[in-house]
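Student: Structure file run.cif (mmCIF, C-alpha atoms) is given on the next line.
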data_my_file
#
loop_
_atom_site.group_PDB
_atom_site.id
_atom_site.type_symbol
_atom_site.label_atom_id
_atom_site.label_comp_id
_atom_site.auth_asym_id
_atom_site.auth_seq_id
_atom_site.Cartn_x
_atom_site.Cartn_y
_atom_site.Cartn_z
ATOM 1 C CA LEU A 22 90.772 43.126 132.801
ATOM 2 C CA CYS A 23 93.573 45.668 132.983
ATOM 3 C CA THR A 24 94.122 48.896 131.085
ATOM 4 C CA ARG A 25 97.110 51.196 130.860
ATOM 5 C CA HIS A 26 96.812 54.932 130.212
ATOM 6 C CA TRP A 27 99.807 56.192 128.268
ATOM 7 C CA MET A 28 100.559 59.899 128.069
ATOM 8 C CA VAL A 29 100.764 60.466 124.314
ATOM 9 C CA SER A 30 102.694 63.741 124.453
ATOM 10 C CA ASP A 31 105.288 62.223 126.774
ATOM 11 C CA LEU A 32 106.121 59.720 124.044
ATOM 12 C CA ASP A 33 107.159 62.296 121.432
ATOM 13 C CA PRO A 34 110.922 61.808 121.986
ATOM 14 C CA SER A 35 110.589 58.016 121.953
ATOM 15 C CA MET A 36 108.481 58.041 118.798
ATOM 16 C CA ALA A 37 110.993 60.326 117.109
ATOM 17 C CA TYR A 38 113.720 57.787 117.842
ATOM 18 C CA LEU A 39 111.673 54.789 116.686
ATOM 19 C CA SER A 40 110.724 56.487 113.429
ATOM 20 C CA LYS A 41 114.387 57.272 112.729
ATOM 21 C CA ALA A 42 115.811 53.945 113.891
ATOM 22 C CA ALA A 43 113.412 52.069 111.609
ATOM 23 C CA TRP A 44 115.401 53.411 108.642
ATOM 24 C CA ASP A 45 118.822 54.177 110.100
ATOM 25 C CA LYS A 46 120.675 51.485 112.056
ATOM 26 C CA GLU A 47 123.207 54.083 113.212
ATOM 27 C CA ALA A 48 120.567 56.186 114.939
ATOM 28 C CA THR A 49 120.880 56.607 118.709
ATOM 29 C CA PRO A 50 118.292 57.922 121.174
ATOM 30 C CA GLU A 51 120.608 60.763 122.208
ATOM 31 C CA ALA A 52 121.257 61.941 118.662
ATOM 32 C CA VAL A 53 117.628 61.769 117.613
ATOM 33 C CA MET A 54 116.356 63.565 120.720
ATOM 34 C CA ALA A 55 118.996 66.256 120.353
ATOM 35 C CA ASP A 56 117.965 66.731 116.721
ATOM 36 C CA GLN A 57 114.318 66.984 117.691
ATOM 37 C CA ILE A 58 115.081 69.632 120.310
ATOM 38 C CA ARG A 59 117.327 71.497 117.857
ATOM 39 C CA THR A 60 114.615 71.499 115.203
ATOM 40 C CA VAL A 61 111.818 72.616 117.517
ATOM 41 C CA CYS A 62 113.641 74.867 119.970
ATOM 42 C CA GLY A 63 117.018 75.791 118.479
ATOM 43 C CA GLU A 64 120.635 74.858 119.156
ATOM 44 C CA ASP A 65 120.919 76.736 122.465
ATOM 45 C CA SER A 66 118.099 74.630 123.904
ATOM 46 C CA VAL A 67 119.690 71.254 123.234
ATOM 47 C CA ARG A 68 121.987 71.058 126.246
ATOM 48 C CA PRO A 69 119.483 71.985 129.002
ATOM 49 C CA MET A 70 116.669 69.921 127.480
ATOM 50 C CA MET A 71 118.918 66.864 127.131
ATOM 51 C CA GLU A 72 119.913 67.311 130.772
ATOM 52 C CA ALA A 73 116.223 67.470 131.691
ATOM 53 C CA PHE A 74 115.491 64.249 129.816
ATOM 54 C CA ARG A 75 118.393 62.472 131.534
ATOM 55 C CA GLU A 76 117.036 63.475 134.943
ATOM 56 C CA LEU A 77 113.536 62.458 133.888
ATOM 57 C CA GLU A 78 114.911 59.100 132.775
ATOM 58 C CA ALA A 79 116.420 58.633 136.236
ATOM 59 C CA ALA A 80 113.063 59.454 137.827
ATOM 60 C CA THR A 81 111.301 57.010 135.509
ATOM 61 C CA ILE A 82 113.739 54.203 136.321
ATOM 62 C CA GLY A 83 113.371 54.931 140.037
ATOM 63 C CA ALA A 84 109.585 54.756 139.790
ATOM 64 C CA GLU A 85 109.708 51.579 137.687
ATOM 65 C CA GLN A 86 112.028 49.801 140.113
ATOM 66 C CA ASN A 87 110.841 51.107 143.467
ATOM 67 C CA ALA A 88 107.396 52.704 143.134
ATOM 68 C CA LEU A 89 105.568 50.937 140.330
ATOM 69 C CA SER A 90 102.087 51.864 141.601
ATOM 70 C CA LEU A 91 103.017 55.468 142.346
ATOM 71 C CA ALA A 92 100.539 56.883 139.851
ATOM 72 C CA SER A 93 98.482 53.895 138.702
ATOM 73 C CA PRO A 94 95.139 55.389 137.568
ATOM 74 C CA SER A 95 92.777 53.519 139.858
ATOM 75 C CA PRO A 96 90.647 54.074 142.980
ATOM 76 C CA GLY A 97 92.930 54.530 145.949
ATOM 77 C CA LEU A 98 95.470 56.417 143.851
ATOM 78 C CA ILE A 99 96.165 58.938 146.613
ATOM 79 C CA MET A 100 94.551 57.340 149.660
ATOM 80 C CA ARG A 101 96.951 54.382 149.544
ATOM 81 C CA HIS A 102 99.494 57.009 150.579
ATOM 82 C CA TRP A 103 97.349 58.211 153.518
ATOM 83 C CA THR A 104 99.523 56.472 156.069
ATOM 84 C CA ALA A 105 101.482 57.738 159.047
ATOM 85 C CA GLY A 106 105.171 58.334 158.563
ATOM 86 C CA ALA A 107 107.657 60.378 156.599
ATOM 87 C CA LEU A 108 107.887 60.333 152.814
ATOM 88 C CA PRO A 109 109.777 57.185 151.777
ATOM 89 C CA GLY A 110 113.303 57.804 150.563
ATOM 90 C CA THR A 111 112.558 56.288 147.164
ATOM 91 C CA LEU A 112 109.827 58.858 146.523
ATOM 92 C CA ALA A 113 112.062 61.664 147.768
ATOM 93 C CA GLU A 114 114.708 60.571 145.247
ATOM 94 C CA ILE A 115 112.177 60.525 142.401
ATOM 95 C CA ARG A 116 111.012 64.011 143.378
ATOM 96 C CA GLU A 117 114.599 65.265 143.462
ATOM 97 C CA ASP A 118 115.185 63.902 139.956
ATOM 98 C CA CYS A 119 112.040 65.711 138.802
ATOM 99 C CA ARG A 120 113.227 68.925 140.462
ATOM 100 C CA LYS A 121 116.562 68.672 138.672
ATOM 101 C CA ALA A 122 114.781 68.063 135.375
ATOM 102 C CA LEU A 123 112.532 71.073 135.988
ATOM 103 C CA ALA A 124 115.526 73.259 136.829
ATOM 104 C CA ALA A 125 117.152 72.218 133.551
ATOM 105 C CA VAL A 126 114.024 73.043 131.515
ATOM 106 C CA GLU A 127 113.802 76.419 133.231
ATOM 107 C CA ARG A 128 117.306 77.169 131.905
ATOM 108 C CA VAL A 129 116.153 76.756 128.302
ATOM 109 C CA PRO A 130 116.417 80.121 126.506
ATOM 110 C CA ALA A 131 113.243 82.034 125.704
ATOM 111 C CA GLN A 132 111.718 80.697 122.505
ATOM 112 C CA SER A 133 111.150 82.903 119.484
ATOM 113 C CA ARG A 134 108.898 80.380 117.738
ATOM 114 C CA GLU A 135 105.498 79.167 118.923
ATOM 115 C CA SER A 136 106.480 75.529 118.448
ATOM 116 C CA GLY A 137 109.484 75.926 120.728
ATOM 117 C CA ALA A 138 107.559 77.899 123.340
ATOM 118 C CA SER A 139 104.836 75.247 123.402
ATOM 119 C CA TYR A 140 107.402 72.433 123.707
ATOM 120 C CA VAL A 141 109.168 74.031 126.673
ATOM 121 C CA LYS A 142 105.916 75.073 128.333
ATOM 122 C CA TYR A 143 104.596 71.521 128.149
ATOM 123 C CA TRP A 144 107.592 69.955 129.850
ATOM 124 C CA THR A 145 107.685 72.719 132.443
ATOM 125 C CA GLY A 146 104.076 72.058 133.414
ATOM 126 C CA ARG A 147 104.448 68.288 133.382
ATOM 127 C CA LEU A 148 107.480 68.414 135.648
ATOM 128 C CA ARG A 149 105.863 70.906 138.001
ATOM 129 C CA PHE A 150 102.969 68.480 138.249
ATOM 130 C CA GLY A 151 105.356 65.606 139.003
ATOM 131 C CA VAL A 152 106.998 67.496 141.833
ATOM 132 C CA GLY A 153 103.637 68.711 143.119
ATOM 133 C CA TYR A 154 102.157 65.221 143.094
ATOM 134 C CA ILE A 155 104.886 63.860 145.350
ATOM 135 C CA ASP A 156 104.560 66.982 147.519
ATOM 136 C CA THR A 157 100.890 66.013 147.851
ATOM 137 C CA ILE A 158 101.823 62.491 148.947
ATOM 138 C CA GLU A 159 104.205 63.905 151.542
ATOM 139 C CA ALA A 160 101.512 66.251 152.839
ATOM 140 C CA ALA A 161 98.988 63.400 152.993
ATOM 141 C CA ARG A 162 101.372 61.269 155.041
ATOM 142 C CA HIS A 163 101.944 64.178 157.420
ATOM 143 C CA ALA A 164 98.200 64.630 157.868
ATOM 144 C CA ALA A 165 97.787 60.885 158.424
ATOM 145 C CA SER A 166 100.473 61.014 161.117
ATOM 146 C CA LEU A 167 98.606 63.766 162.940
ATOM 147 C CA GLU A 168 95.359 61.828 162.608
ATOM 148 C CA ALA A 169 97.060 58.798 164.168
ATOM 149 C CA ASP A 170 98.353 60.988 167.003
ATOM 150 C CA ALA A 171 94.840 62.312 167.612
ATOM 151 C CA GLN A 172 93.415 58.802 167.742
ATOM 152 C CA LYS A 173 96.154 57.672 170.104
ATOM 153 C CA ALA A 174 95.620 60.623 172.430
ATOM 154 C CA GLY A 175 91.879 60.034 172.414
ATOM 155 C CA ASN A 176 92.307 56.359 173.228
ATOM 156 C CA SER A 177 94.552 57.257 176.174
ATOM 157 C CA GLY A 178 92.012 59.737 177.541
ATOM 158 C CA ASP A 179 94.008 62.894 176.824
ATOM 159 C CA SER A 180 91.172 64.950 175.381
ATOM 160 C CA GLU A 181 93.191 68.168 175.183
ATOM 161 C CA ALA A 182 95.969 66.591 173.104
ATOM 162 C CA ALA A 183 93.415 64.787 170.994
ATOM 163 C CA ALA A 184 91.558 68.017 170.213
ATOM 164 C CA ALA A 185 94.800 69.779 169.261
ATOM 165 C CA ASN A 186 95.876 66.925 167.009
ATOM 166 C CA TRP A 187 92.490 66.678 165.311
ATOM 167 C CA ALA A 188 92.709 70.394 164.526
ATOM 168 C CA ASN A 189 96.246 69.979 163.225
ATOM 169 C CA ALA A 190 95.242 66.940 161.169
ATOM 170 C CA TYR A 191 92.465 68.941 159.545
ATOM 171 C CA GLU A 192 94.838 71.793 158.661
ATOM 172 C CA ALA A 193 97.404 69.348 157.286
ATOM 173 C CA GLY A 194 94.732 67.562 155.273
ATOM 174 C CA GLU A 195 93.612 70.880 153.832
ATOM 175 C CA ALA A 196 97.230 71.603 152.885
ATOM 176 C CA ALA A 197 97.422 68.238 151.079
ATOM 177 C CA ARG A 198 94.199 69.003 149.217
ATOM 178 C CA ALA A 199 95.541 72.422 148.189
ATOM 179 C CA LYS A 200 98.781 70.891 146.921
ATOM 180 C CA ALA A 201 96.820 68.369 144.875
ATOM 181 C CA PHE A 202 94.726 71.135 143.328
ATOM 182 C CA ALA A 203 97.806 73.197 142.471
ATOM 183 C CA ALA A 204 99.578 70.199 140.905
ATOM 184 C CA ILE A 205 96.562 69.297 138.768
ATOM 185 C CA GLU A 206 96.258 72.934 137.709
ATOM 186 C CA GLU A 207 99.870 72.842 136.455
ATOM 187 C CA PHE A 208 99.020 69.804 134.341
ATOM 188 C CA ALA A 209 95.757 71.291 133.072
ATOM 189 C CA ALA A 210 97.525 74.484 131.986
ATOM 190 C CA VAL A 211 99.626 72.571 129.445
ATOM 191 C CA ALA A 212 97.156 69.874 128.326
ATOM 192 C CA ARG A 213 97.629 69.102 124.644
ATOM 193 C CA ASN A 214 95.242 66.310 123.779
ATOM 194 C CA LYS A 215 92.582 63.869 124.946
ATOM 195 C CA ALA A 216 95.171 61.723 126.736
ATOM 196 C CA ASP A 217 96.194 64.694 128.879
ATOM 197 C CA GLN A 218 92.560 65.596 129.498
ATOM 198 C CA GLY A 219 91.789 62.017 130.504
ATOM 199 C CA ALA A 220 94.668 62.066 132.981
ATOM 200 C CA ILE A 221 93.379 65.294 134.502
ATOM 201 C CA VAL A 222 89.890 63.826 134.928
ATOM 202 C CA THR A 223 91.457 60.743 136.542
ATOM 203 C CA LEU A 224 93.460 62.915 138.942
ATOM 204 C CA ALA A 225 90.374 64.889 139.878
ATOM 205 C CA GLU A 226 88.441 61.680 140.580
ATOM 206 C CA PHE A 227 91.118 59.628 142.347
ATOM 207 C CA VAL A 228 93.265 62.326 143.982
ATOM 208 C CA TYR A 229 91.439 65.610 144.545
ATOM 209 C CA ARG A 230 87.990 64.306 145.441
ATOM 210 C CA PRO A 231 89.178 61.640 147.932
ATOM 211 C CA LEU A 232 91.333 64.253 149.663
ATOM 212 C CA GLN A 233 88.395 66.669 149.748
ATOM 213 C CA LYS A 234 86.236 63.924 151.293
ATOM 214 C CA LYS A 235 88.910 63.206 153.894
ATOM 215 C CA VAL A 236 89.258 66.901 154.726
ATOM 216 C CA ASP A 237 85.491 67.114 155.211
ATOM 217 C CA GLU A 238 85.673 64.131 157.594
ATOM 218 C CA LEU A 239 88.513 65.731 159.559
ATOM 219 C CA ARG A 240 86.629 69.022 159.758
ATOM 220 C CA ALA A 241 83.629 67.230 161.214
ATOM 221 C CA ARG A 242 85.745 65.148 163.581
ATOM 222 C CA GLN A 243 87.579 68.076 165.122
ATOM 223 C CA LYS A 244 84.262 69.574 166.150
ATOM 224 C CA GLN A 245 83.319 66.490 168.140
ATOM 225 C CA PRO A 246 84.003 66.446 171.897
#
Give the structure from this file in structure tokens form.
Tutor:
Amino acid sequence: LCTRHWMVSDLDPSMAYLSKAAWDKEATPEAVMADQIRTVCGEDSVRPMMEAFRELEAATIGAEQNALSLASPSPGLIMRHWTAGALPGTLAEIREDCRKALAAVERVPAQSRESGASYVKYWTGRLRFGVGYIDTIEAARHAASLEADAQKAGNSGDSEAAAANWANAYEAGEAARAKAFAAIEEFAAVARNKADQGAIVTLAEFVYRPLQKKVDELRARQKQP
């Protein structure tokens, strides 16, 4: 049995296109999305928001082709990334696309209408979460590298290096936990509906709590001789 959790609010632009294309064979995704932005946010918002969606599309394609399980809502969501080594280049590219999209949204003019302000705020928070989530993965891999160094030093009998690395691994793990909390907070601040709330609960269960458990283990381990 397999389930997929779709983010309803993320589908607004796609649904706008489908509803238009069902009646107008000349409709294009670009034209419909631009019209939606124009209607909700105003003409001056069209260019930066369209740029943001293009960058987000690039990030989505990158994740689909190279990191399909990046955010699959299942046990092991974050701990599958607890492995020694630098952040993979594919994830760095996805994060950079998200950063570019966020920068574009942040160039959208201040909104005079509540609908426009809510629209821009939502995408700002969602993109900040996206960047923060990959930052969390990077921090987890760094902590895992230090943990591996501590284990290696301990196995070789270098107790001083082992102690230093266990302390560093704990601090790095705590940094990963803090990044996860901050990213989830960004998402929670713009939650619109039950789908968003469900995603936040999933992130708390499969990202924050496993990292907190790991940090607790590292704290205990560094106190051992």
Student: If we count all atoms listed in the file and set the cut-off at 12 Å, which residues sit around A:Arg101, ignoring sequence neighbours fewer than 5 positions away in its own chain? Please answer as a list in words.
Tutor: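 The contact residues come out as Ser90, Leu91, Ala92, Ser93, Ser95, Pro96, Ile158, Ala161, Arg162, Ala165, Phe227, Val228, Pro231 and Leu232 of chain A.
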Student: Once the PyMOL selection byres ((chain A and resi 240) around 10) has been evaluated on this model, what residues remain selected, and can you format them as an MDAnalysis selection string?
Tutor: chainID A and resid 187:188 190:192 194:195 234:239 241:245
Student: Keeping only C-alpha atoms, write those residues as an mmCIF file, in the coordinates of the input.
Tutor:
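Contents of the output file selection_28.cif:
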data_model
loop_
_atom_site.group_PDB
_atom_site.id
_atom_site.type_symbol
_atom_site.label_atom_id
_atom_site.label_comp_id
_atom_site.auth_asym_id
_atom_site.auth_seq_id
_atom_site.Cartn_x
_atom_site.Cartn_y
_atom_site.Cartn_z
ATOM 1 C CA TRP A 187 92.490 66.678 165.311
ATOM 2 C CA ALA A 188 92.709 70.394 164.526
ATOM 3 C CA ALA A 190 95.242 66.940 161.169
ATOM 4 C CA TYR A 191 92.465 68.941 159.545
ATOM 5 C CA GLU A 192 94.838 71.793 158.661
ATOM 6 C CA GLY A 194 94.732 67.562 155.273
ATOM 7 C CA GLU A 195 93.612 70.880 153.832
ATOM 8 C CA LYS A 234 86.236 63.924 151.293
ATOM 9 C CA LYS A 235 88.910 63.206 153.894
ATOM 10 C CA VAL A 236 89.258 66.901 154.726
ATOM 11 C CA ASP A 237 85.491 67.114 155.211
ATOM 12 C CA GLU A 238 85.673 64.131 157.594
ATOM 13 C CA LEU A 239 88.513 65.731 159.559
ATOM 14 C CA ALA A 241 83.629 67.230 161.214
ATOM 15 C CA ARG A 242 85.745 65.148 163.581
ATOM 16 C CA GLN A 243 87.579 68.076 165.122
ATOM 17 C CA LYS A 244 84.262 69.574 166.150
ATOM 18 C CA GLN A 245 83.319 66.490 168.140
#
Student: Can you list what the PyMOL selection byres ((chain A and resi 32-44) around 12) grabs from this structure, as a compact mmCIF listing (two decimals) with C-alpha atoms, in the frame of the given file?
Tutor:
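Final output, saved to result_10.txt:
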# COMPACT_ATOMS: atom_id res chain seq x y z
CA TRP A 27 99.81 56.19 128.27
CA MET A 28 100.56 59.90 128.07
CA VAL A 29 100.76 60.47 124.31
CA SER A 30 102.69 63.74 124.45
CA ASP A 31 105.29 62.22 126.77
CA ASP A 45 118.82 54.18 110.10
CA LYS A 46 120.68 51.48 112.06
CA GLU A 47 123.21 54.08 113.21
CA ALA A 48 120.57 56.19 114.94
CA THR A 49 120.88 56.61 118.71
CA PRO A 50 118.29 57.92 121.17
CA GLU A 51 120.61 60.76 122.21
CA ALA A 52 121.26 61.94 118.66
CA VAL A 53 117.63 61.77 117.61
CA MET A 54 116.36 63.56 120.72
CA ALA A 55 119.00 66.26 120.35
CA ASP A 56 117.96 66.73 116.72
CA GLN A 57 114.32 66.98 117.69
CA ILE A 58 115.08 69.63 120.31
CA THR A 60 114.62 71.50 115.20
CA VAL A 61 111.82 72.62 117.52
CA MET A 70 116.67 69.92 127.48
CA MET A 71 118.92 66.86 127.13
CA PHE A 74 115.49 64.25 129.82
CA GLU A 78 114.91 59.10 132.78
CA TYR A 140 107.40 72.43 123.71
CA TYR A 143 104.60 71.52 128.15
CA TRP A 144 107.59 69.96 129.85
CA ALA A 216 95.17 61.72 126.74
Student: Please report as a tab-separated table every residue of stretch 83-193 of chain A lying within 12 Å of stretch 202-210 of chain A, along with the nearest atom pair and their distance in Å (one decimal), using all atoms listed in the file.
Tutor:
residue	atom	partner	partner_atom	distance
A:Ser139	CA	A:Ala210	CA	11.3
A:Lys142	CA	A:Ala210	CA	9.2
A:Tyr143	CA	A:Phe208	CA	8.5
A:Trp144	CA	A:Phe208	CA	9.7
A:Thr145	CA	A:Glu207	CA	8.8
A:Gly146	CA	A:Glu207	CA	5.2
A:Arg147	CA	A:Phe208	CA	5.7
A:Leu148	CA	A:Phe208	CA	8.7
A:Arg149	CA	A:Glu207	CA	6.5
A:Phe150	CA	A:Ala204	CA	4.6
A:Gly151	CA	A:Ala204	CA	7.6
A:Val152	CA	A:Ala204	CA	8.0
A:Gly153	CA	A:Ala204	CA	4.9
A:Tyr154	CA	A:Ala204	CA	6.0
A:Ile155	CA	A:Ala204	CA	9.4
A:Asp156	CA	A:Ala204	CA	8.9
A:Thr157	CA	A:Ala204	CA	8.2
A:Ile158	CA	A:Ala204	CA	11.4
Student: Between atom CA of A:Gln86 and atom CA of A:Leu108, what is the distance in Å, rounded to a tenth?
Tutor: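 If I compute the distance from atom CA of A:Gln86 to atom CA of A:Leu108, I get 17.0 Å.
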Student: For a test of reading the model, state the distance in Å between atom CA of A:Ala201 and atom CA of A:Tyr229, rounded to one decimal.
Tutor: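 Distance between the two atoms: 6.1 Å.
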Student: Can you write out as CSV which residues of stretch 62-118 of chain A fall within 12 Å of stretch 168-181 of chain A, alongside each residue's closest atom pair and its distance in Å to one decimal, counting only C-alpha atoms and ordering rows by chain and ascending residue number?
Tutor:
residue,atom,partner,partner_atom,distance
A:Trp103,CA,A:Glu168,CA,10.0
A:Thr104,CA,A:Ala169,CA,8.8
A:Ala105,CA,A:Ala169,CA,6.8
A:Gly106,CA,A:Ala169,CA,9.9
Student: Need the shell around A:Asn87: protein/DNA/RNA residues with any atom at most 12 Å away, counting only C-alpha atoms. Skip same-chain ones fewer than 2 positions apart. Format as a PDB file with C-alpha atoms, in the coordinates of the input?
Tutor:
ATOM      1  CA  ALA A  79     116.420  58.633 136.236  1.00  0.00           C
ATOM      2  CA  ALA A  80     113.063  59.454 137.827  1.00  0.00           C
ATOM      3  CA  THR A  81     111.301  57.010 135.509  1.00  0.00           C
ATOM      4  CA  ILE A  82     113.739  54.203 136.321  1.00  0.00           C
ATOM      5  CA  GLY A  83     113.371  54.931 140.037  1.00  0.00           C
ATOM      6  CA  ALA A  84     109.585  54.756 139.790  1.00  0.00           C
ATOM      7  CA  GLU A  85     109.708  51.579 137.687  1.00  0.00           C
ATOM      8  CA  LEU A  89     105.568  50.937 140.330  1.00  0.00           C
ATOM      9  CA  SER A  90     102.087  51.864 141.601  1.00  0.00           C
ATOM     10  CA  LEU A  91     103.017  55.468 142.346  1.00  0.00           C
ATOM     11  CA  PRO A 109     109.777  57.185 151.777  1.00  0.00           C
ATOM     12  CA  GLY A 110     113.303  57.804 150.563  1.00  0.00           C
ATOM     13  CA  THR A 111     112.558  56.288 147.164  1.00  0.00           C
ATOM     14  CA  LEU A 112     109.827  58.858 146.523  1.00  0.00           C
ATOM     15  CA  ALA A 113     112.062  61.664 147.768  1.00  0.00           C
ATOM     16  CA  GLU A 114     114.708  60.571 145.247  1.00  0.00           C
ATOM     17  CA  ILE A 115     112.177  60.525 142.401  1.00  0.00           C
TER      18      ILE A 115
END
Student: List, as a list in words, every residue that the PyMOL selection byres ((chain A and resi 128-130) around 10) selects in the file provided.
Tutor: Cys62, Gly63, Glu64, Asp65, Ser66, Val67, Arg68, Pro69, Met70, Ala73, Leu123, Ala124, Ala125, Val126, Glu127, Ala131, Gln132, Ser133, Gly137, Ala138 and Val141 of chain A
Student: Adding 4 Å on each side of the box along x, y and z that holds all listed atoms of stretch 160-177 of chain A, could you give its centre and edge lengths in Å to one decimal, as JSON?
Tutor:
{"center_x": 96.9, "center_y": 61.3, "center_z": 164.5, "size_x": 18.1, "size_y": 17.9, "size_z": 31.3}
Student: Using only C-alpha atoms, which of the listed residues (A:Ala183, A:Glu135, A:Ala160, A:Leu98) sits closest to A:Thr223?
Tutor: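 Among A:Ala183, A:Glu135, A:Ala160, A:Leu98, it is A:Leu98 that comes nearest to A:Thr223.
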Student: One number please: atom CA of A:Glu76 to atom CA of A:Arg134, in Å, one decimal.
Tutor: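 So the two atoms, atom CA of A:Glu76 and atom CA of A:Arg134, lie 25.5 Å apart.
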